[in-house]
>>> print(open('my_file14.txt').read())   # compact mmCIF, C-alpha atoms
# COMPACT_ATOMS: atom_id res chain seq x y z
CA MET A 1281 315.95 23.87 232.89
CA SER A 1282 314.92 27.00 230.98
CA ILE A 1283 313.76 26.74 227.38
CA TYR A 1284 316.86 28.71 226.33
CA GLU A 1285 319.14 26.18 227.99
CA GLU A 1286 317.16 23.32 226.49
CA MET A 1287 317.56 24.62 222.93
CA ILE A 1288 321.36 25.07 223.05
CA PRO A 1289 322.53 21.52 222.22
CA TYR A 1290 320.12 21.33 219.28
CA LEU A 1291 321.37 24.65 217.88
CA LEU A 1292 325.03 23.69 218.28
CA HIS A 1293 324.47 20.33 216.57
CA TRP A 1294 322.60 22.00 213.70
CA TYR A 1295 325.32 24.64 213.30
CA LYS A 1296 328.03 21.99 213.11
CA TYR A 1297 326.51 20.62 209.91
CA ASN A 1298 324.69 23.65 208.49
CA ALA A 1299 326.85 26.70 209.19
CA ARG A 1300 327.11 29.13 206.29
CA VAL A 1301 330.54 29.22 204.70
CA LEU A 1302 331.65 32.85 205.11
CA PRO A 1303 335.14 34.32 204.59
CA TRP A 1304 335.31 35.97 208.02
CA ARG A 1305 334.68 32.60 209.69
CA GLU A 1306 337.84 31.12 208.18
CA ASP A 1307 340.05 33.15 210.53
CA PRO A 1308 337.82 34.59 213.27
CA SER A 1309 340.36 36.95 214.81
CA ALA A 1310 338.99 39.93 216.69
CA TYR A 1311 339.86 42.32 213.84
CA HIS A 1312 338.19 40.13 211.23
CA VAL A 1313 335.07 39.64 213.35
CA TRP A 1314 334.86 43.36 214.05
CA VAL A 1315 335.18 44.45 210.42
CA SER A 1316 332.70 41.84 209.19
CA GLU A 1317 330.09 42.60 211.83
CA ILE A 1318 330.24 46.34 211.15
CA MET A 1319 329.87 45.69 207.41
CA LEU A 1320 326.96 43.32 208.01
CA GLN A 1321 324.92 45.92 209.91
CA GLN A 1322 321.89 46.69 207.71
CA THR A 1323 323.58 44.99 204.74
CA ARG A 1324 322.99 41.58 203.15
CA VAL A 1325 325.63 38.89 203.62
CA GLU A 1326 326.08 38.35 199.89
CA ALA A 1327 326.70 42.05 199.35
CA VAL A 1328 329.41 42.10 202.01
CA ARG A 1329 331.63 39.21 200.82
CA GLY A 1330 333.53 41.10 198.12
CA TYR A 1331 333.83 44.29 200.15
CA TYR A 1332 335.21 42.38 203.12
CA MET A 1333 337.97 40.73 201.09
CA ARG A 1334 338.90 43.98 199.34
CA PHE A 1335 338.93 45.88 202.64
CA LEU A 1336 341.24 43.38 204.35
CA ASP A 1337 343.56 43.26 201.36
CA ALA A 1338 343.97 47.03 201.60
CA LEU A 1339 343.86 47.33 205.41
CA PRO A 1340 345.03 44.04 206.94
CA THR A 1341 345.63 45.38 210.46
CA VAL A 1342 344.13 47.76 212.99
CA LYS A 1343 347.14 50.03 212.52
CA ALA A 1344 346.63 50.17 208.75
CA LEU A 1345 342.99 51.10 209.31
CA ALA A 1346 343.88 53.83 211.81
CA GLU A 1347 346.35 55.38 209.36
CA CYS A 1348 344.16 55.11 206.25
CA PRO A 1349 343.41 58.52 204.59
CA ASP A 1350 339.72 59.40 204.79
CA ASP A 1351 339.17 59.53 201.03
CA ARG A 1352 340.83 56.13 200.60
CA LEU A 1353 338.65 54.67 203.37
CA MET A 1354 335.48 56.05 201.80
CA LYS A 1355 336.49 54.63 198.42
CA LEU A 1356 336.98 51.17 199.96
CA TRP A 1357 333.55 51.49 201.59
CA GLU A 1358 331.85 52.92 198.49
CA GLY A 1359 328.59 51.10 197.77
CA LEU A 1360 328.11 49.60 201.23
CA GLY A 1361 326.13 52.59 202.49
CA TYR A 1362 325.73 53.86 206.06
CA TYR A 1363 329.13 55.51 205.76
CA SER A 1364 329.29 56.55 209.39
CA ARG A 1365 330.16 52.91 210.05
CA ALA A 1366 333.45 53.32 208.17
CA ARG A 1367 334.26 56.59 209.92
CA ASN A 1368 333.63 54.97 213.31
CA LEU A 1369 335.83 52.01 212.34
CA LYS A 1370 338.75 54.37 211.77
CA LYS A 1371 338.05 56.32 214.97
CA ALA A 1372 337.93 53.11 216.96
CA ALA A 1373 341.11 51.85 215.31
CA GLY A 1374 342.87 55.00 216.49
CA VAL A 1375 341.70 54.42 220.06
CA ILE A 1376 342.75 50.76 219.91
CA CYS A 1377 346.23 51.76 218.76
CA GLU A 1378 346.56 54.46 221.40
CA GLN A 1379 345.06 52.64 224.38
CA TYR A 1380 345.30 48.90 223.65
CA GLY A 1381 348.53 48.55 221.69
CA GLY A 1382 346.72 47.90 218.43
CA VAL A 1383 344.89 44.82 219.76
CA LEU A 1384 341.13 44.78 220.33
CA PRO A 1385 340.16 44.21 223.97
CA GLY A 1386 338.27 41.03 224.81
CA GLU A 1387 335.89 42.36 227.43
CA VAL A 1388 332.45 43.64 226.45
CA THR A 1389 332.75 46.63 228.80
CA GLU A 1390 335.93 47.76 227.01
CA LEU A 1391 334.61 47.02 223.53
CA ARG A 1392 331.50 49.11 224.21
CA LYS A 1393 333.68 52.16 224.83
CA LEU A 1394 334.92 52.12 221.23
CA PRO A 1395 333.19 54.31 218.61
CA GLY A 1396 330.57 52.44 216.59
CA ILE A 1397 330.53 49.31 218.76
CA GLY A 1398 327.19 48.57 220.39
CA ASP A 1399 325.88 45.64 222.41
CA TYR A 1400 325.54 43.33 219.42
CA THR A 1401 329.01 43.90 217.94
CA ALA A 1402 330.65 43.76 221.37
CA GLY A 1403 328.91 40.46 222.10
CA ALA A 1404 329.89 39.03 218.71
CA ILE A 1405 333.58 39.96 219.09
CA ALA A 1406 333.81 38.80 222.70
CA SER A 1407 332.13 35.46 222.04
CA ILE A 1408 333.53 34.54 218.62
CA ALA A 1409 337.09 35.83 219.01
CA PHE A 1410 337.58 35.50 222.77
CA HIS A 1411 335.14 32.69 223.75
CA LYS A 1412 333.36 34.85 226.31
CA PRO A 1413 329.77 33.86 227.22
CA GLU A 1414 328.25 37.04 225.81
CA PRO A 1415 325.09 37.12 223.65
CA ALA A 1416 325.14 39.00 220.35
CA VAL A 1417 321.83 40.79 220.66
CA ASP A 1418 320.35 41.62 217.25
CA GLY A 1419 317.06 41.10 215.45
CA ASN A 1420 317.85 37.47 214.69
CA LEU A 1421 318.49 36.59 218.32
CA LEU A 1422 315.48 38.48 219.62
CA ARG A 1423 313.20 36.93 216.98
CA VAL A 1424 314.35 33.38 217.74
CA LEU A 1425 314.12 33.82 221.50
CA SER A 1426 310.71 35.49 221.26
CA ARG A 1427 309.27 32.70 219.12
CA VAL A 1428 310.79 29.87 221.14
CA SER A 1429 309.49 31.31 224.41
CA GLY A 1430 306.24 32.62 222.93
CA SER A 1431 306.95 36.09 224.30
CA ARG A 1432 304.68 38.92 223.16
CA GLU A 1433 306.81 41.62 224.72
CA ASN A 1434 307.95 44.44 222.47
CA ILE A 1435 311.54 43.59 221.49
CA ASP A 1436 312.22 47.23 220.59
CA LEU A 1437 312.04 48.13 224.29
CA PRO A 1438 315.52 48.28 225.88
CA GLU A 1439 314.38 46.56 229.05
CA VAL A 1440 313.01 43.59 227.09
CA ARG A 1441 316.21 43.23 225.05
CA LYS A 1442 318.31 43.48 228.19
CA ARG A 1443 316.29 40.84 230.04
CA MET A 1444 316.35 38.36 227.14
CA ALA A 1445 320.11 38.84 226.77
CA ALA A 1446 320.66 38.27 230.48
CA GLU A 1447 318.57 35.08 230.45
CA LEU A 1448 320.52 33.66 227.52
CA LYS A 1449 323.90 34.71 228.96
CA ALA A 1450 323.13 32.84 232.17
CA VAL A 1451 323.04 29.51 230.30
CA MET A 1452 325.60 30.07 227.52
CA PRO A 1453 328.40 27.50 227.28
CA LYS A 1454 331.71 29.38 227.60
CA GLU A 1455 333.79 27.48 225.08
CA GLU A 1456 331.00 27.35 222.50
CA SER A 1457 329.49 30.78 223.04
CA GLY A 1458 330.69 32.01 219.64
CA GLU A 1459 329.27 28.96 217.89
CA LEU A 1460 325.95 29.45 219.70
CA ASN A 1461 325.70 33.10 218.65
CA GLN A 1462 326.54 32.21 215.07
CA ALA A 1463 324.03 29.35 215.12
CA ILE A 1464 321.31 31.79 216.16
CA MET A 1465 322.48 34.24 213.46
CA ASP A 1466 322.23 31.53 210.81
CA ILE A 1467 318.90 30.18 212.05
CA GLY A 1468 317.49 33.72 212.01
CA ALA A 1469 318.84 34.42 208.53
CA THR A 1470 317.89 31.15 206.82
CA VAL A 1471 315.14 29.42 208.84
CA CYS A 1472 313.42 31.66 211.38
CA ILE A 1473 313.35 34.52 208.88
CA PRO A 1474 311.94 38.01 209.55
CA ASN A 1475 309.86 38.52 206.41
CA GLY A 1476 307.58 35.88 204.97
CA ALA A 1477 306.81 32.46 206.37
CA PRO A 1478 309.66 30.90 208.38
CA HIS A 1479 310.86 27.42 207.44
CA CYS A 1480 309.73 25.71 210.62
CA GLU A 1481 309.98 22.30 208.98
CA ASP A 1482 313.77 22.79 208.80
CA CYS A 1483 314.21 24.19 212.30
CA PRO A 1484 316.16 22.07 214.83
CA ILE A 1485 314.23 23.56 217.74
CA ALA A 1486 310.72 23.52 216.28
CA HIS A 1487 309.74 20.84 218.82
CA LEU A 1488 310.61 23.32 221.60
CA CYS A 1489 309.10 26.40 219.97
CA THR A 1490 306.03 27.85 221.66
CA ALA A 1491 305.07 30.02 218.68
CA TYR A 1492 305.25 26.98 216.36
CA ARG A 1493 303.20 24.85 218.74
CA GLU A 1494 300.55 27.55 219.23
CA ASP A 1495 300.57 28.66 215.57
CA THR A 1496 301.50 32.24 216.48
CA VAL A 1497 304.72 32.48 214.45
CA SER A 1498 303.27 35.21 212.23
CA GLU A 1499 302.42 37.31 215.30
CA ILE A 1500 305.79 37.09 217.02
CA PRO A 1501 308.01 38.99 217.59
CA VAL A 1502 306.14 42.12 218.57
CA ARG A 1503 307.74 45.34 217.36
CA GLU A 1504 306.90 49.03 217.21
CA ALA A 1505 305.33 50.26 213.98
CA LYS A 1506 307.87 51.88 211.66
CA LYS A 1507 307.59 55.59 211.03
CA ALA A 1508 307.01 56.70 207.46
CA ARG A 1509 310.10 57.96 205.65
CA ARG A 1510 310.37 61.64 204.82
CA ILE A 1511 310.23 62.34 201.06
CA GLU A 1512 312.78 64.77 199.63
CA LYS A 1513 312.78 65.80 195.95
CA LYS A 1514 316.14 66.61 194.40
CA THR A 1515 317.49 67.74 191.06
CA VAL A 1516 321.00 66.55 190.27
CA PHE A 1517 323.27 68.43 187.84
CA LEU A 1518 325.77 66.34 185.87
CA ILE A 1519 328.07 69.20 184.89
CA THR A 1520 330.83 68.17 182.50
CA LYS A 1521 333.67 70.26 181.08
CA GLY A 1522 335.80 68.50 178.51
CA GLU A 1523 336.67 65.07 179.94
CA LYS A 1524 335.82 65.98 183.53
CA ILE A 1525 332.75 65.97 185.79
CA LEU A 1526 332.13 68.43 188.62
CA LEU A 1527 332.02 66.90 192.10
CA HIS A 1528 331.09 68.39 195.44
CA LYS A 1529 332.45 67.15 198.77
CA ARG A 1530 329.67 67.02 201.33
CA PRO A 1531 329.97 68.53 204.82
CA ALA A 1532 331.98 66.69 207.49
CA SER A 1533 328.87 65.80 209.50
CA GLY A 1534 325.38 64.60 208.74
CA LEU A 1535 324.09 62.28 206.03
CA LEU A 1536 326.86 60.93 203.73
CA ALA A 1537 329.36 63.10 205.59
CA GLY A 1538 332.59 63.74 203.72
CA MET A 1539 331.46 61.84 200.62
CA TYR A 1540 331.44 63.22 197.08
CA GLU A 1541 328.27 63.94 195.13
CA TYR A 1542 327.11 65.65 191.98
CA PRO A 1543 325.87 69.19 192.63
CA ASN A 1544 322.17 69.18 193.44
CA VAL A 1545 319.34 71.40 194.64
CA PRO A 1546 316.06 70.73 196.42
CA GLY A 1547 312.95 70.16 194.29
CA HIS A 1548 312.49 69.08 190.68
CA VAL A 1549 313.72 71.62 188.14
CA VAL A 1550 312.13 71.69 184.67
CA LYS A 1551 314.29 72.00 181.55
CA LYS A 1552 313.64 75.66 180.79
CA ASP A 1553 314.89 76.62 184.26
CA VAL A 1554 318.03 74.45 184.38
CA VAL A 1555 320.62 76.99 183.19
CA GLU A 1556 319.25 79.75 185.40
CA THR A 1557 319.12 77.39 188.38
CA VAL A 1558 322.68 76.17 187.82
CA MET A 1559 323.98 79.72 187.65
CA ALA A 1560 322.10 80.73 190.80
CA TRP A 1561 323.36 77.64 192.61
CA ALA A 1562 326.94 78.27 191.48
CA GLY A 1563 326.81 81.83 192.76
CA GLU A 1564 325.48 80.79 196.16
CA ALA A 1565 328.09 78.03 196.37
CA GLY A 1566 330.87 80.56 195.89
CA MET A 1567 332.22 78.99 192.72
CA GLY A 1568 330.17 80.77 190.09
CA PHE A 1569 331.03 80.53 186.42
CA ALA A 1570 332.55 83.67 184.97
CA GLY A 1571 330.79 85.46 182.13
CA ASP A 1572 327.46 85.02 180.42
CA ALA A 1573 326.06 81.53 181.01
CA THR A 1574 324.49 81.35 177.56
CA SER A 1575 327.92 81.79 175.96
CA TYR A 1576 329.40 78.57 177.30
CA VAL A 1577 326.55 76.26 178.37
CA THR A 1578 326.62 74.18 175.20
CA ALA A 1579 324.01 71.56 176.03
CA VAL A 1580 321.33 70.81 178.57
CA THR A 1581 319.71 67.39 178.36
CA LYS A 1582 317.29 65.54 180.61
CA GLU A 1583 318.39 62.22 182.00
CA GLY A 1584 315.71 59.55 181.69
CA THR A 1585 314.19 57.51 184.48
CA VAL A 1586 316.60 57.02 187.36
CA VAL A 1587 316.83 53.24 187.62
CA THR A 1588 318.01 51.98 190.99
CA LYS A 1589 318.41 48.37 192.05
CA GLU A 1590 314.77 48.57 193.10
CA GLU A 1591 313.90 49.77 189.57
CA SER A 1592 312.45 53.01 190.83
CA THR A 1593 313.21 56.72 190.66
CA LYS A 1594 314.17 57.00 194.30
CA HIS A 1595 317.01 56.25 196.65
CA ILE A 1596 316.04 54.92 200.06
CA PHE A 1597 317.80 55.68 203.31
CA SER A 1598 316.57 54.42 206.67
CA HIS A 1599 314.51 57.53 207.36
CA ILE A 1600 314.50 59.49 204.07
CA GLU A 1601 313.62 58.84 200.45
CA TRP A 1602 315.29 60.92 197.79
CA HIS A 1603 313.18 61.27 194.65
CA MET A 1604 315.65 62.49 192.06
CA ASN A 1605 315.80 63.61 188.48
CA ALA A 1606 319.00 64.71 186.75
CA TRP A 1607 320.07 67.14 184.05
CA ARG A 1608 323.27 66.87 182.06
CA VAL A 1609 324.90 70.29 181.62
CA THR A 1610 327.90 70.58 179.31
CA ILE A 1611 330.23 73.52 179.90
CA SER A 1612 332.59 74.67 177.13
CA ASP A 1613 336.31 74.21 177.72
CA GLU A 1614 336.84 77.99 177.65
CA ALA A 1615 334.61 78.64 180.67
CA GLU A 1616 336.33 79.91 183.82
CA THR A 1617 334.91 78.19 186.88
CA GLY A 1618 337.39 78.87 189.65
CA VAL A 1619 337.56 75.20 190.56
CA SER A 1620 340.90 73.40 190.72
CA GLY A 1621 342.95 71.17 192.96
CA THR A 1622 343.34 67.48 193.75
CA ALA A 1623 341.50 65.11 196.04
CA ALA A 1624 343.84 65.78 198.94
CA GLU A 1625 343.21 69.52 198.61
CA VAL A 1626 339.42 69.44 198.44
CA PRO A 1627 337.88 70.82 201.65
CA VAL A 1628 334.47 69.72 202.81
CA ASP A 1629 331.82 71.69 201.00
CA GLY A 1630 334.38 72.19 198.21
CA TYR A 1631 334.38 71.35 194.50
CA VAL A 1632 336.70 69.53 192.14
CA TRP A 1633 336.73 68.48 188.47
CA ALA A 1634 337.27 64.71 188.20
CA THR A 1635 338.27 62.55 185.27
CA GLU A 1636 336.60 59.22 184.58
CA GLU A 1637 339.63 57.40 186.00
CA GLU A 1638 339.63 59.53 189.15
CA LEU A 1639 335.92 58.93 189.63
CA ARG A 1640 336.53 55.21 189.38
CA THR A 1641 339.58 54.98 191.64
CA LEU A 1642 339.83 58.05 193.84
CA TYR A 1643 336.59 59.81 194.67
CA SER A 1644 334.02 57.98 196.80
CA LEU A 1645 330.58 58.38 195.27
CA PRO A 1646 327.69 56.89 197.28
CA SER A 1647 325.18 54.70 195.47
CA ALA A 1648 322.59 57.50 195.59
CA PHE A 1649 324.73 59.30 192.99
CA SER A 1650 326.12 56.35 191.04
CA LYS A 1651 323.05 55.81 188.86
CA TRP A 1652 324.24 57.72 185.83
CA ASP A 1653 326.94 56.96 183.29
CA VAL A 1654 328.17 60.52 183.48
CA PHE A 1655 330.72 60.29 180.69
CA GLU A 1656 328.14 59.24 178.10
CA LYS A 1657 326.41 61.97 176.11
CA GLY A 1658 322.81 62.54 177.04
CA THR A 1659 320.01 63.07 174.54
CA ASP A 1660 317.00 65.33 174.51
>>> encode(input="my_file14.txt", output="structure tokens")
Amino acid sequence: MSIYEEMIPYLLHWYKYNARVLPWREDPSAYHVWVSEIMLQQTRVEAVRGYYMRFLDALPTVKALAECPDDRLMKLWEGLGYYSRARNLKKAAGVICEQYGGVLPGEVTELRKLPGIGDYTAGAIASIAFHKPEPAVDGNLLRVLSRVSGSRENIDLPEVRKRMAAELKAVMPKEESGELNQAIMDIGATVCIPNGAPHCEDCPIAHLCTAYREDTVSEIPVREAKKARRIEKKTVFLITKGEKILLHKRPASGLLAGMYEYPNVPGHVVKKDVVETVMAWAGEAGMGFAGDATSYVTAVTKEGTVVTKEESTKHIFSHIEWHMNAWRVTISDEAETGVSGTAAEVPVDGYVWATEEELRTLYSLPSAFSKWDVFEKGTD
């Protein structure tokens, strides 16, 4: 009997009495599992709960998701980050409606063909919703398996991940495959944790664990060293005109594709250069302000320290850090800017003036740009 097979009854017994109470586990249909697993990628469970409920209230079926307008979808996803996940959800929903009658397929090979669904998500859907003996291969599973077996192989290597998955699949109980995957998820999230000392004293398989027995838990799993993030400095312009703020819709591809942002330029601009920089930017963007800038730029004020949830002046993506400062620029009501239209009419790389209500309900602003109370007056 392999060590993986030996650990299964202990994990299933532990899960029966210690499973986390999560909304998507109350009705583990394929659609619910799919949406929750996509949301949970690179996002904490507690952060996902509210978004999940709001998303399902608005889009209760695959068909509703496939037909959801892009701006509405981005607004529902606003704050979750990694927005390509939402775009892929909609793309996949369209394929499911066209090719599978609006019902997610139950086979891993078919699930893997859908946009945004990788090995882990396919395994989770197939096992939890369809009771297929398929492992959900993520960091939690690889960490638990590595520590239990004492493996020092690099789990970032595809061949290692594939072999571990195959070895677990060979011994997975069919009817309880979903419970087993979720047990490993919960053990990895609450006991055999990735950062800091794991809670081996609470682990139901500690007596089987090679890393625990040999005191090598802190050395396993083995992973590749992370590359340093690229630093990008940005200056953000909070340009208000009357009761409206100027927004820019980002390009349809790339980072934060199709999302709205406040106009910004590379580098950190000092106060004396703000007006000149704004005018130069506006001209290059093709929406320059008519007339002499000094006649209608009524105020330029520096925003203070940009306080994120990490209490820093930066916004962190997986591979980039944005170090931002912001200037509040007030434009007089008489200024002609050549910007008009509604959300539905805004092309990518286009501009629109938004009211406070529209910013709250209509335009999707990623968290990188949601750090300022833009409708409050700044001070020098």
>>> residues_near_point(input="my_file14.txt", point="(335.9, 50.0, 203.8)", cutoff="8 Å", atoms="all atoms listed in the file", output="NGL selection string")
:A and (1331-1332 or 1335 or 1353-1358 or 1366)
>>> write_last_selection(input="my_file14.txt", atoms="C-alpha atoms", output="CSV table (one decimal), in the coordinates of the input")
chain,number,residue,atom,x,y,z
A,1331,TYR,CA,333.8,44.3,200.2
A,1332,TYR,CA,335.2,42.4,203.1
A,1335,PHE,CA,338.9,45.9,202.6
A,1353,LEU,CA,338.6,54.7,203.4
A,1354,MET,CA,335.5,56.0,201.8
A,1355,LYS,CA,336.5,54.6,198.4
A,1356,LEU,CA,337.0,51.2,200.0
A,1357,TRP,CA,333.6,51.5,201.6
A,1358,GLU,CA,331.8,52.9,198.5
A,1366,ALA,CA,333.4,53.3,208.2
>>> residues_near_point(input="my_file14.txt", point="(310.1, 57.7, 201.8)", cutoff="10 Å", atoms="all atoms listed in the file", output="VMD selection string")
chain A and resid 1507 to 1512 1594 to 1603
>>> residues_around(input="my_file14.txt", residues="Ile1473 of chain A", least_positions_apart="6", cutoff="12 Å", atoms="all atoms listed in the file", output="PyMOL selection string")
chain A and resi 1419-1424+1427+1464-1467+1479-1480+1482-1483+1497-1498+1500-1501
>>> residues_around(input="my_file14.txt", residues="Arg1503 of chain A", least_positions_apart="2", cutoff="12 Å", atoms="only C-alpha atoms", output="ChimeraX atom specification")
/A:1419,1422-1423,1426,1431-1438,1440-1441,1474,1499-1501,1505-1506
>>> residues_around(input="my_file14.txt", residues="segment 1523-1531 of chain A", least_positions_apart="6", cutoff="8 Å", atoms="all atoms listed in the file", output="PyMOL selection string")
chain A and resi 1537-1543+1626-1636+1654-1655
>>> atom_distance(input="my_file14.txt", atom1="atom CA of Thr1610 of chain A", atom2="atom CA of Thr1520 of chain A")
5.0 Å
>>> closest_residue(input="my_file14.txt", among="A:Asn1544, A:Val1342, A:Val1516, A:Ile1318", to="Gly1381 of chain A", atoms="all atoms listed in the file")
A:Val1342
>>> closest_residue(input="my_file14.txt", among="A:Lys1412, A:Leu1425, A:Arg1640, A:Pro1289", to="Ala1491 of chain A", atoms="only C-alpha atoms")
A:Leu1425
>>> residues_around(input="my_file14.txt", residues="Val1325 of chain A", least_positions_apart="5", cutoff="12 Å", atoms="all atoms listed in the file", output="short mmCIF file (atom, residue, chain, number, x, y, z; two decimals) with C-alpha atoms, keeping the file's coordinate frame")
data_model
loop_
_atom_site.label_atom_id
_atom_site.label_comp_id
_atom_site.auth_asym_id
_atom_site.auth_seq_id
_atom_site.Cartn_x
_atom_site.Cartn_y
_atom_site.Cartn_z
CA ARG A 1300 327.11 29.13 206.29
CA VAL A 1301 330.54 29.22 204.70
CA LEU A 1302 331.65 32.85 205.11
CA PRO A 1303 335.14 34.32 204.59
CA TRP A 1304 335.31 35.97 208.02
CA SER A 1316 332.70 41.84 209.19
CA GLU A 1317 330.09 42.60 211.83
CA ILE A 1318 330.24 46.34 211.15
CA MET A 1319 329.87 45.69 207.41
CA LEU A 1320 326.96 43.32 208.01
CA GLY A 1330 333.53 41.10 198.12
CA TYR A 1331 333.83 44.29 200.15
CA TYR A 1332 335.21 42.38 203.12
CA LEU A 1360 328.11 49.60 201.23
CA MET A 1465 322.48 34.24 213.46
CA ASP A 1466 322.23 31.53 210.81
CA ALA A 1469 318.84 34.42 208.53
CA THR A 1470 317.89 31.15 206.82
#
>>> atom_distance(input="my_file14.txt", atom1="atom CA of Glu1390 of chain A", atom2="atom CA of Leu1291 of chain A")
28.8 Å
>>> closest_residue(input="my_file14.txt", among="A:Lys1521, A:Lys1371, A:Arg1324, A:Lys1552", to="Val1609 of chain A", atoms="only C-alpha atoms")
A:Lys1521
>>> atom_distance(input="my_file14.txt", atom1="atom CA of Ala1402 of chain A", atom2="atom CA of Glu1306 of chain A")
19.6 Å
>>> closest_residue(input="my_file14.txt", among="A:Lys1449, A:His1548, A:Arg1608, A:Lys1513", to="Tyr1284 of chain A", atoms="all atoms listed in the file")
A:Lys1449
>>> closest_residue(input="my_file14.txt", among="A:Asn1605, A:Ser1429, A:Gln1379, A:Ser1644", to="Val1554 of chain A", atoms="only C-alpha atoms")
A:Asn1605
>>> closest_residue(input="my_file14.txt", among="A:Trp1561, A:Tyr1380, A:Phe1649, A:Tyr1290", to="Leu1394 of chain A", atoms="only C-alpha atoms")
A:Tyr1380
>>> residues_around(input="my_file14.txt", residues="Thr1515 of chain A", least_positions_apart="4", cutoff="8 Å", atoms="only C-alpha atoms", output="list in words")
Asn1544, Val1545, Pro1546, Gly1547, His1548, Val1549, Met1604, Asn1605, Ala1606 and Trp1607 of chain A
>>> decode(input="my_file14.txt", residues="segment 1326-1337 of chain A", atoms="N, CA and C atoms", output="compact mmCIF listing (two decimals), in the first residue's frame")
# COMPACT_ATOMS: atom_id res chain seq x y z
N GLU A 1326 -11.60 34.18 2.50
CA GLU A 1326 -12.46 35.16 3.14
C GLU A 1326 -12.80 36.32 2.21
N ALA A 1327 -11.88 36.64 1.32
CA ALA A 1327 -12.13 37.73 0.38
C ALA A 1327 -13.14 37.33 -0.68
N VAL A 1328 -13.26 36.04 -0.95
CA VAL A 1328 -14.10 35.56 -2.04
C VAL A 1328 -15.57 35.42 -1.64
N ARG A 1329 -15.86 35.15 -0.38
CA ARG A 1329 -17.23 34.83 0.05
C ARG A 1329 -18.27 35.81 -0.50
N GLY A 1330 -18.07 37.09 -0.19
CA GLY A 1330 -19.06 38.09 -0.61
C GLY A 1330 -19.16 38.22 -2.11
N TYR A 1331 -18.02 38.17 -2.80
CA TYR A 1331 -18.03 38.28 -4.25
C TYR A 1331 -18.78 37.12 -4.88
N TYR A 1332 -18.57 35.93 -4.33
CA TYR A 1332 -19.22 34.74 -4.87
C TYR A 1332 -20.74 34.86 -4.79
N MET A 1333 -21.26 35.28 -3.63
CA MET A 1333 -22.69 35.40 -3.46
C MET A 1333 -23.26 36.49 -4.38
N ARG A 1334 -22.57 37.61 -4.48
CA ARG A 1334 -23.04 38.70 -5.35
C ARG A 1334 -23.03 38.27 -6.81
N PHE A 1335 -21.98 37.55 -7.21
CA PHE A 1335 -21.85 37.10 -8.59
C PHE A 1335 -22.98 36.15 -8.97
N LEU A 1336 -23.28 35.19 -8.10
CA LEU A 1336 -24.34 34.23 -8.40
C LEU A 1336 -25.72 34.87 -8.37
N ASP A 1337 -25.90 35.86 -7.51
CA ASP A 1337 -27.18 36.57 -7.51
C ASP A 1337 -27.42 37.26 -8.85
